[in-house]
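Asker: The structure's right below; bear with me while I get my questions together.
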Amino acid sequence: MSKASAWLDGRLAELMASEPYIGGESVESIAERYNLDLGRCLKLNANENLVIPRETIEDLSREALQEVDQRVYPQKETDSLRESLGGYLGVAPNTIVLGSGADQLIDHLVNAFSDQESGVLTTTPSYSFYKVRAELYCNLSVQVPLQRDFGLDVDSILSSSTNCRLCFLCSPNNPTGNQFTSASIIKIVDEFPGVVVVDEAYAEFGDYNLVKEASERDNLVVLRTFSKAFGLAGLRIGYMIGSEKLSRTFNERVQYPFCVPNFSAVLCKKMLDKIGLVSDAVSIVKEERQRVSNTLSALDGLTIFDSDANFILFNTDKEMKVVFEGLLTEGLLVRRIGEIQSLRNCLRVTVGTPAMNDRFITALTQIVGA
Ligand SMILES: Cc1ncc(COP(=O)(O)O)c(C=O)c1O
């Protein structure tokens, strides 16, 4: 026991009492728990891009490995990545902040713009990490329900925002999949008394983005990531776009030095240089999303929700556990979502290659038809 023990035990207990973020499980742990053949397991629970071939990433990784000097802290590699991103997005590189995944930037945003008096507003359902981080750092975390069609309830968001200085909108929204209208988002940006963050982790699969607006407006930030469309979730690189002033403050004061490994920066840049490869994969996902949705919509007992992302939300009239475990016995790991707007048995599946999606369609058709 040290002099710190009583205080430390209390503080650690407080931290442990906060809500954890529960990410998608690995196929390894699920295969072990359910005694499945790992070789047959497909990970369709975390919206990674499985359409980009693993070999392509391996080839580019080998090139990147040869180019970087791992003895040296990253600088030119990250500058060069921001330069390339500026070209890809059509904004100045000094409006971009790199991070160790979009999640790290969410953490920084909550830290920078909320405190015991200034709360964080999010919608429900949405990506749960905003709420988890808000509840870890500040007293006030407000969740405003989406409308029945999963659109933004702009009036309710604005009337709930008095004591909030940070608002997270996820568009396309995880887990519902829909992209909010730009008019509804811009109305919130115009009226909200703080910073509005639009998490566009899935924007490459949607119809529009707000990157340019974010670089021009003082209270709009757009969050992006290499984890989804670019197929590089393992690298842990995200970025945000904001005004020059906000981005400079984050780059020079909030973000810690050297947070992006030089290898990751070089590999991300290589993917940007091969953007055709990414857009081809995105086109396949979008076509497949349509095909899977159309096929499954024809089945009784299933409701399929329209998606602008690389995943599909569905509700079944069978118990969620039965559907989840039924898919698992076929080696298909999806995400359990639970209740959304009184629909009890919602699940979410990542759209993969045509062959992966065929396996999913066959398995789900059997389960709901049983
Ligand atoms: C909406 C949304 N934002 C951010 C993230 C995390 O992105 P990253 O892998 O860049 O931390 C996810 C991951 O699932 C997500 O769904």
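Chain labels follow the order of the structure tokens: the first chain is A, the next B, and so on; residue numbering restarts at 1 in every chain, and ligands are counted from 1 in their shown order.
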List all protein, DNA and RNA residues that have at least one atom no more than 9 Å from any atom of ligand 1, counting only C-alpha atoms and all ligand atoms, and write them as a count of residues only.

Answerer: 42

Asker: Can you check which residues of stretch 29-271 of chain A DSSP gives as strand (DSSP E or B) on the backbone and send them as a VMD selection string?

Answerer: chain A and resid 42 to 43 96 to 99 119 to 124 141 to 145 164 to 170 195 to 199 220 to 225 238 to 241

Asker: Next, the residues of the selection above should be written as a short mmCIF file (atom, residue, chain, number, x, y, z; two decimals), in the first residue's frame with N, CA, C and O atoms.

Answerer:
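Ended up saving to part10.cif:
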```
data_model
loop_
_atom_site.label_atom_id
_atom_site.label_comp_id
_atom_site.auth_asym_id
_atom_site.auth_seq_id
_atom_site.Cartn_x
_atom_site.Cartn_y
_atom_site.Cartn_z
N LEU A 42 -15.67 -15.74 -41.71
CA LEU A 42 -15.60 -14.45 -42.41
C LEU A 42 -15.95 -13.35 -41.43
O LEU A 42 -16.97 -13.41 -40.76
N LYS A 43 -15.11 -12.32 -41.42
CA LYS A 43 -15.33 -11.22 -40.48
C LYS A 43 -16.18 -10.14 -41.16
O LYS A 43 -15.66 -9.35 -41.95
N ILE A 96 -5.70 20.02 -42.75
CA ILE A 96 -5.81 18.59 -42.42
C ILE A 96 -5.00 18.26 -41.16
O ILE A 96 -3.85 18.70 -41.02
N VAL A 97 -5.60 17.47 -40.28
CA VAL A 97 -4.90 16.97 -39.09
C VAL A 97 -4.90 15.44 -39.15
O VAL A 97 -5.97 14.84 -39.28
N LEU A 98 -3.73 14.85 -39.08
CA LEU A 98 -3.66 13.38 -39.09
C LEU A 98 -3.81 12.85 -37.67
O LEU A 98 -3.43 13.53 -36.71
N GLY A 99 -4.34 11.65 -37.57
CA GLY A 99 -4.46 11.05 -36.23
C GLY A 99 -4.26 9.56 -36.29
O GLY A 99 -4.21 8.95 -37.35
N GLY A 119 -21.11 20.38 -22.56
CA GLY A 119 -21.38 18.98 -22.85
C GLY A 119 -21.19 18.59 -24.31
O GLY A 119 -20.82 19.41 -25.16
N VAL A 120 -21.46 17.31 -24.57
CA VAL A 120 -21.32 16.74 -25.91
C VAL A 120 -22.67 16.19 -26.34
O VAL A 120 -23.32 15.46 -25.60
N LEU A 121 -23.09 16.56 -27.54
CA LEU A 121 -24.38 16.10 -28.05
C LEU A 121 -24.14 15.11 -29.20
O LEU A 121 -23.30 15.36 -30.07
N THR A 122 -24.86 14.01 -29.18
CA THR A 122 -24.80 13.05 -30.28
C THR A 122 -26.22 12.59 -30.58
O THR A 122 -27.15 12.93 -29.85
N THR A 123 -26.37 11.82 -31.64
CA THR A 123 -27.70 11.27 -31.91
C THR A 123 -27.72 9.82 -31.46
O THR A 123 -26.68 9.21 -31.22
N THR A 124 -28.91 9.26 -31.38
CA THR A 124 -29.02 7.84 -31.10
C THR A 124 -30.03 7.21 -32.06
O THR A 124 -31.07 7.82 -32.28
N SER A 141 -23.66 14.55 -21.33
CA SER A 141 -23.66 13.87 -22.61
C SER A 141 -25.12 13.71 -23.02
O SER A 141 -25.91 13.09 -22.31
N VAL A 142 -25.49 14.32 -24.15
CA VAL A 142 -26.89 14.35 -24.57
C VAL A 142 -27.06 13.51 -25.83
O VAL A 142 -26.28 13.67 -26.78
N GLN A 143 -28.06 12.63 -25.85
CA GLN A 143 -28.33 11.83 -27.06
C GLN A 143 -29.72 12.18 -27.58
O GLN A 143 -30.70 12.01 -26.85
N VAL A 144 -29.78 12.65 -28.80
CA VAL A 144 -31.07 13.01 -29.39
C VAL A 144 -31.47 11.91 -30.40
O VAL A 144 -30.71 11.63 -31.33
N PRO A 145 -32.66 11.32 -30.21
CA PRO A 145 -33.06 10.24 -31.13
C PRO A 145 -33.21 10.73 -32.58
O PRO A 145 -33.63 11.86 -32.81
N CYS A 164 -24.25 22.48 -24.63
CA CYS A 164 -23.26 21.65 -25.33
C CYS A 164 -22.39 22.52 -26.24
O CYS A 164 -22.87 23.50 -26.81
N ARG A 165 -21.13 22.16 -26.36
CA ARG A 165 -20.23 22.90 -27.25
C ARG A 165 -19.61 21.99 -28.31
O ARG A 165 -18.74 22.40 -29.07
N LEU A 166 -20.05 20.73 -28.31
CA LEU A 166 -19.53 19.79 -29.30
C LEU A 166 -20.68 18.87 -29.72
O LEU A 166 -21.41 18.36 -28.87
N CYS A 167 -20.81 18.70 -31.04
CA CYS A 167 -21.90 17.85 -31.55
C CYS A 167 -21.30 16.88 -32.56
O CYS A 167 -20.57 17.29 -33.47
N PHE A 168 -21.57 15.59 -32.39
CA PHE A 168 -21.10 14.58 -33.36
C PHE A 168 -22.28 14.10 -34.19
O PHE A 168 -23.28 13.61 -33.64
N LEU A 169 -22.16 14.22 -35.51
CA LEU A 169 -23.15 13.65 -36.43
C LEU A 169 -22.39 12.66 -37.30
O LEU A 169 -21.32 13.00 -37.83
N CYS A 170 -22.90 11.46 -37.43
CA CYS A 170 -22.19 10.44 -38.20
C CYS A 170 -22.95 10.25 -39.52
O CYS A 170 -24.11 9.85 -39.51
N VAL A 195 -18.78 23.44 -31.80
CA VAL A 195 -18.20 22.76 -32.97
C VAL A 195 -19.06 21.56 -33.37
O VAL A 195 -19.44 20.75 -32.51
N VAL A 196 -19.35 21.45 -34.66
CA VAL A 196 -20.09 20.29 -35.17
C VAL A 196 -19.09 19.40 -35.92
O VAL A 196 -18.42 19.86 -36.85
N VAL A 197 -18.99 18.16 -35.48
CA VAL A 197 -18.11 17.20 -36.15
C VAL A 197 -18.97 16.26 -36.98
O VAL A 197 -19.87 15.61 -36.45
N VAL A 198 -18.71 16.21 -38.29
CA VAL A 198 -19.42 15.25 -39.13
C VAL A 198 -18.45 14.10 -39.40
O VAL A 198 -17.42 14.28 -40.05
N ASP A 199 -18.79 12.95 -38.84
CA ASP A 199 -17.93 11.77 -38.99
C ASP A 199 -18.28 11.12 -40.33
O ASP A 199 -19.33 10.50 -40.48
N LEU A 220 -17.13 23.78 -38.31
CA LEU A 220 -17.44 22.46 -38.87
C LEU A 220 -16.14 21.68 -39.06
O LEU A 220 -15.18 22.19 -39.65
N VAL A 221 -16.13 20.46 -38.54
CA VAL A 221 -14.98 19.56 -38.71
C VAL A 221 -15.48 18.28 -39.37
O VAL A 221 -16.53 17.76 -38.97
N VAL A 222 -14.77 17.80 -40.38
CA VAL A 222 -15.11 16.51 -40.98
C VAL A 222 -14.05 15.49 -40.60
O VAL A 222 -12.86 15.77 -40.65
N LEU A 223 -14.52 14.32 -40.17
CA LEU A 223 -13.60 13.23 -39.78
C LEU A 223 -13.58 12.18 -40.87
O LEU A 223 -14.63 11.80 -41.38
N ARG A 224 -12.42 11.69 -41.20
CA ARG A 224 -12.27 10.63 -42.21
C ARG A 224 -11.29 9.57 -41.70
O ARG A 224 -10.59 9.78 -40.72
N THR A 225 -11.20 8.48 -42.44
CA THR A 225 -10.31 7.40 -42.02
C THR A 225 -9.80 6.58 -43.21
O THR A 225 -10.46 6.53 -44.25
N GLY A 238 -6.36 8.00 -39.28
CA GLY A 238 -7.55 8.79 -39.59
C GLY A 238 -7.10 10.23 -39.79
O GLY A 238 -5.92 10.56 -39.59
N TYR A 239 -8.01 11.07 -40.19
CA TYR A 239 -7.65 12.49 -40.34
C TYR A 239 -8.90 13.33 -40.22
O TYR A 239 -10.02 12.83 -40.31
N MET A 240 -8.70 14.61 -39.93
CA MET A 240 -9.84 15.51 -39.91
C MET A 240 -9.55 16.75 -40.73
O MET A 240 -8.38 17.09 -40.95
N ILE A 241 -10.62 17.37 -41.20
CA ILE A 241 -10.49 18.60 -42.00
C ILE A 241 -11.26 19.68 -41.24
O ILE A 241 -12.40 19.46 -40.82
#
```

Asker: Looking at A:Leu272, A:Asp317, A:Phe263, A:Glu28, which one is nearest to A:Pro74, with distances taken over only C-alpha atoms?

Answerer: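 Checking each candidate against A:Pro74, we get A:Phe263 as the closest.
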
Asker: Leaving out A:Asn178 and any residue of its chain fewer than 5 positions from it, which residues lie within 12 Å of it when counting only C-alpha atoms, given as a PyMOL selection string?

Answerer: chain A and resi 125-126+146+149-152+169-173+200+202-203+205-208+305-313

Asker: For A:Gly301, find every residue with an atom within 7 Å (counting only C-alpha atoms), except residues of its own chain fewer than 2 positions away, and show them as a list in words.

Answerer: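 Contacts, with the query itself left out: Leu299, Thr303, Thr316, Asp317 and Val368 of chain A.
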
Asker: Given the choices A:Ser84, A:Ser247, A:Ser159, A:Asn94, which gets closest to A:Lys274 if the distance is worked out from only C-alpha atoms?

Answerer: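 Comparing A:Ser84, A:Ser247, A:Ser159, A:Asn94 against A:Lys274, the winner is A:Ser84.
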
Asker: Mind listing the helix (DSSP H, G or I) residues of stretch 186-343 of chain A, per DSSP on the backbone, as a ChimeraX atom specification?

Answerer: /A:186-191,203-205,211-216,233-235,244-254,262-273,275-297,320-329

Asker: Which distance in Å separates atom CA of A:Leu89 and atom CA of A:Asp273, to one decimal?

Answerer: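 Separating atom CA of A:Leu89 from atom CA of A:Asp273 is a distance of 13.0 Å.
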
Asker: From the set A:Thr181, A:Ser243, A:Ser215, A:Ser18, which residue has the shortest atom-to-atom contact distance to A:Asn139, counting only C-alpha atoms?

Answerer: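 Ranking A:Thr181, A:Ser243, A:Ser215, A:Ser18 by distance to A:Asn139, first place goes to A:Ser18.
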
Asker: Counting only C-alpha atoms, figure out which residue out of A:Ser26, A:Thr78, A:Asn345, A:Thr329 gets nearest to A:Pro257.

Answerer: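 Among A:Ser26, A:Thr78, A:Asn345, A:Thr329, it is A:Thr78 that comes nearest to A:Pro257.
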
Asker: Show me, as JSON, numbers by chain, the residues that have an atom within 9 Å of A:Val254 when counting only C-alpha atoms, minus same-chain residues fewer than 6 positions from it.

Answerer: {"A": [108, 109, 111, 112]}

Asker: With only C-alpha atoms as the counted atoms, please give the residues lying no more than 12 Å from A:Thr56, apart from itself and same-chain residues fewer than 2 positions off, as a list of chain:residue names.

Answerer: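 The neighbour list is A:Leu50, A:Val51, A:Ile52, A:Pro53, A:Arg54, A:Glu58, A:Asp59, A:Leu60, A:Ser61, A:Arg62, A:Glu63, A:Phe230, A:Gly231, A:Leu232, A:Leu267, A:Lys270, A:Met271, A:Lys274, A:Leu277, A:Val278, A:Ala281.
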
Asker: Ranking A:Gly177, A:Gly194, A:Gly39, A:Gly86 by minimum distance to A:Leu332 and counting only C-alpha atoms, which one comes first?

Answerer: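 Distance minimum relative to A:Leu332 lands on A:Gly39.
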
Asker: Give the answer as one residue: which of A:Phe250, A:Phe314, A:Tyr34, A:Phe360 has the shortest atom-to-atom distance to A:Glu339, using only C-alpha atoms?

Answerer: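 So, comparing all the options, the nearest one is A:Phe314.
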